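J.: Below is one structure. I have some questions about it.
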Amino acid sequence: MKINTLLFIPILLMFSCKNNKQSETSIDFKQDLSNTSLVILGNIQDAGSPHIGCEKKCCKNLFNNPDKNRQVISLGLIDGPNNKKYLFEATPDISRQLKVLKNIQPVSKNEMPDGIFITHAHIGHYAGLMYLGKEAKNAQNVTVYAMPKMSDFFKNNGPWNQLISNHNIRLNNIKNEQTVTLTSNIKVIPIIVPHRDEYSETVGFKIIGPNKSALFIPDIDKWEKWKNNIIDEIKQVDYAFLDATFFNEKEINNRNISEIPHPFIIESMEKFKNLTKTEKAKIIFIHFNHTNPVIDPNSEESKMIIANGFQVGRLNNSFEL
């Protein structure tokens, strides 16, 4: 099926809410990431799957039979040559995600990452920091990279300011489009994007490795609202991990979609339809709402994405930088 026919796909394919479980993934998962690499540690929207209060078919069986592949959105960054590891987003699933990160960087004896980058103040992206406090890990000075408003949110609100006063975390302020050099192999650049900024600004990150680079934008309102041209941004990197919260606007029928704007997958595919085959293959859709049929790799919607030349981000997929 060609991309320009996307908007005419029968409704039954678009809006089904499936519950075909993927095979479970153990925290003992290991792979050789001796080079500088990114790994997907989660691909689900903030509230996870199953979703609180959900009575749809997509969640019904998951309350009694959880799918361990359904982890909240996060990327791990491994720099093997420098024996460093970093986390993008501190999710409610951080305990499992840090264990996986440690297991794929076996040289490191430290359970904690060398730094955590936070995109914004929505629950799935920072709430996992609570597990670094004295009720749980009681970590020591884990570096948290945050934008100015995000840093102020941590400093001025409990329990997050307690993490600072107890030296569980150490804030490292970052600024829009200013490069952060992590190691001789890795640089990170925060880029402000439009989103619902109730408590903080929202950023994506450009992650630059020794040979390749990646763009990580788990949340954005609409591509057209961004001052940057997403097409140009895709062309400048080797991988683009992009917000794919909803497949389309009819997926959520019990809430006002204008209150939770995101680029629908069908909108993004239509927008990117004229990219070359090589450019399309850079795009990796992530951050799936619990209702999104793309969670199921066997769904017609997942197959459609692949058929049109794009990728779907799955747990433990790795990408060499």
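Every chain in the structure tokens has a letter given in the order shown (A, B, ...), and although residue numbers restart at 1 in each chain, ligands are simply numbered from 1 in the order shown.
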Which residues are near A:Leu101? Cut-off 8 Å, only C-alpha atoms, ignore same chain within fewer than 3 positions. Put them as a VMD selection string.
T.: chain A and resid 76 85 97 to 98 104 to 105
J.: Those same residues - N, CA and C atoms - I'd like them written as a compact mmCIF listing (two decimals), in the first residue's frame.
T.:
# COMPACT_ATOMS: atom_id res chain seq x y z
N GLY A 76 18.35 4.07 26.66
CA GLY A 76 19.63 3.91 27.34
C GLY A 76 20.74 4.27 26.37
N LYS A 85 27.39 4.96 31.09
CA LYS A 85 26.02 4.69 30.65
C LYS A 85 25.10 5.80 31.15
N GLN A 97 14.44 -0.89 34.09
CA GLN A 97 15.21 -0.29 33.00
C GLN A 97 16.68 -0.10 33.38
N LEU A 98 16.95 0.27 34.61
CA LEU A 98 18.34 0.41 35.04
C LEU A 98 19.02 -0.95 35.15
N ILE A 104 23.56 -4.72 30.03
CA ILE A 104 24.13 -4.57 28.70
C ILE A 104 25.40 -3.72 28.72
N GLN A 105 25.79 -3.30 29.91
CA GLN A 105 27.08 -2.64 30.10
C GLN A 105 27.77 -3.36 31.25
J.: For the structure I just gave you, how does DSSP split stretch 145-297 of chain A - specifically, which residues are helix (DSSP H, G or I)? Reply as a PyMOL selection string.
T.: chain A and resi 148-156+160-165+223-225+230-235+257-259+265-271+277-281+293-295
J.: Counting only C-alpha atoms, what is within 7 Å of A:Ile265, bar same-chain residues fewer than 2 positions away, as an MDAnalysis selection string?
T.: chainID A and resid 244 246:248 263 267:269
J.: Limited to C-alpha atoms, could you put the picked residues into a file as a PDB file, in the first residue's frame?
T.:
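The resulting file, part25.pdb, is shown below:
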ATOM      1  CA  ALA A 244       3.722   8.303  17.917  1.00  0.00           C
ATOM      2  CA  PHE A 246      -1.844   7.863  18.834  1.00  0.00           C
ATOM      3  CA  PHE A 247      -2.407   6.113  15.541  1.00  0.00           C
ATOM      4  CA  ASN A 248      -5.156   8.612  14.720  1.00  0.00           C
ATOM      5  CA  PRO A 263       1.165  14.011  15.852  1.00  0.00           C
ATOM      6  CA  GLU A 267      -0.329  12.398   9.955  1.00  0.00           C
ATOM      7  CA  SER A 268       3.392  11.799  10.351  1.00  0.00           C
ATOM      8  CA  MET A 269       3.495   9.169   7.618  1.00  0.00           C
TER       9      MET A 269
END
J.: Please provide the set of residues having any atom within 9 Å of stretch 227-241 of chain A, restricted to only C-alpha atoms, with same-chain residues fewer than 5 positions apart removed, written as a PyMOL selection string.
T.: chain A and resi 193-194+206+208+212-218+271-272+275+279-286+313+319+321
J.: What does the distance from atom CA of A:Asp67 to atom CA of A:His125 come to in Å, to one decimal?
T.: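 Taking atom CA of A:Asp67 as the start and atom CA of A:His125 as the end point, the length is 20.3 Å.
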J.: Within stretch 36-192 of chain A, find each residue whose DSSP state, derived from the backbone, is strand (DSSP E or B), and express the selection as a tab-separated table (two decimals) with C-alpha atoms, in the first residue's frame.
T.:
chain	number	residue	atom	x	y	z
A	37	SER	CA	25.01	2.60	21.22
A	38	LEU	CA	21.44	3.52	22.04
A	39	VAL	CA	18.94	0.93	23.27
A	40	ILE	CA	15.17	1.28	23.64
A	41	LEU	CA	14.27	0.56	27.27
A	42	GLY	CA	10.59	1.45	26.90
A	44	ILE	CA	4.87	3.19	26.03
A	72	VAL	CA	7.32	3.40	29.73
A	74	SER	CA	13.08	5.51	27.83
A	75	LEU	CA	16.38	5.26	25.97
A	76	GLY	CA	19.63	3.91	27.34
A	77	LEU	CA	22.94	5.25	26.07
A	78	ILE	CA	26.05	3.08	26.35
A	79	ASP	CA	29.59	4.33	25.81
A	84	LYS	CA	29.79	5.09	30.85
A	85	LYS	CA	26.02	4.69	30.65
A	86	TYR	CA	23.22	7.24	30.59
A	87	LEU	CA	19.44	7.21	30.79
A	88	PHE	CA	16.97	9.36	28.88
A	115	GLY	CA	23.55	10.71	34.18
A	116	ILE	CA	19.81	11.01	33.53
A	117	PHE	CA	18.37	13.40	30.94
A	142	VAL	CA	23.22	10.87	40.45
A	143	THR	CA	23.54	13.64	37.87
A	144	VAL	CA	20.20	14.79	36.47
A	145	TYR	CA	20.37	16.95	33.36
A	146	ALA	CA	17.40	19.34	33.25
A	169	ILE	CA	20.58	13.62	42.85
A	170	ARG	CA	22.71	16.49	41.62
A	171	LEU	CA	21.13	18.87	39.11
A	172	ASN	CA	23.11	19.85	36.04
A	173	ASN	CA	21.39	22.74	34.30
A	180	VAL	CA	26.65	19.01	26.60
A	181	THR	CA	29.86	17.00	26.20
A	187	LYS	CA	27.55	14.95	22.93
A	188	VAL	CA	23.93	15.83	23.69
A	189	ILE	CA	22.03	18.93	22.54
A	190	PRO	CA	18.62	19.84	24.06
A	191	ILE	CA	16.12	21.41	21.64
A	192	ILE	CA	12.90	23.05	22.86
J.: Quick one: pull the distance between atom CA of A:His167 and atom CA of A:Asn141, Å, one decimal.
T.: 5.2 Å
J.: If we count only C-alpha atoms and set the cut-off at 7 Å, which residues sit around A:Thr119, ignoring sequence neighbours fewer than 4 positions away in its own chain? Please answer as a PyMOL selection string.
T.: chain A and resi 89+125+202-204
J.: Output N, CA and C atoms for every residue in that selection, as a PDB file, in the first residue's frame.
T.:
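To be explicit, this is the file written out as selection_16.pdb:
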ATOM      1  N   GLU A  89      15.098   9.875  30.298  1.00  0.00           N
ATOM      2  CA  GLU A  89      13.825   9.803  31.009  1.00  0.00           C
ATOM      3  C   GLU A  89      13.945   8.911  32.249  1.00  0.00           C
ATOM      4  N   HIS A 125       8.029  10.855  32.559  1.00  0.00           N
ATOM      5  CA  HIS A 125       9.358  11.276  32.140  1.00  0.00           C
ATOM      6  C   HIS A 125      10.276  11.660  33.300  1.00  0.00           C
ATOM      7  N   THR A 202       9.574  21.833  27.435  1.00  0.00           N
ATOM      8  CA  THR A 202       9.730  20.478  26.900  1.00  0.00           C
ATOM      9  C   THR A 202      10.836  20.495  25.858  1.00  0.00           C
ATOM     10  N   VAL A 203      11.705  19.501  25.940  1.00  0.00           N
ATOM     11  CA  VAL A 203      12.780  19.415  24.955  1.00  0.00           C
ATOM     12  C   VAL A 203      12.824  18.031  24.327  1.00  0.00           C
ATOM     13  N   GLY A 204      13.374  17.988  23.132  1.00  0.00           N
ATOM     14  CA  GLY A 204      13.880  16.761  22.564  1.00  0.00           C
ATOM     15  C   GLY A 204      15.383  16.816  22.702  1.00  0.00           C
TER      16      GLY A 204
END
J.: Ranking A:Asn35, A:Asn157, A:Asn168, A:Asn138 by minimum distance to A:Gly80 and counting only C-alpha atoms, which one comes first?
T.: A:Asn35
J.: One number please: atom CA of A:Leu315 to atom CA of A:Asn43, in Å, one decimal.
T.: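 Computing the Euclidean distance for atom CA of A:Leu315 and atom CA of A:Asn43 yields 6.7 Å.
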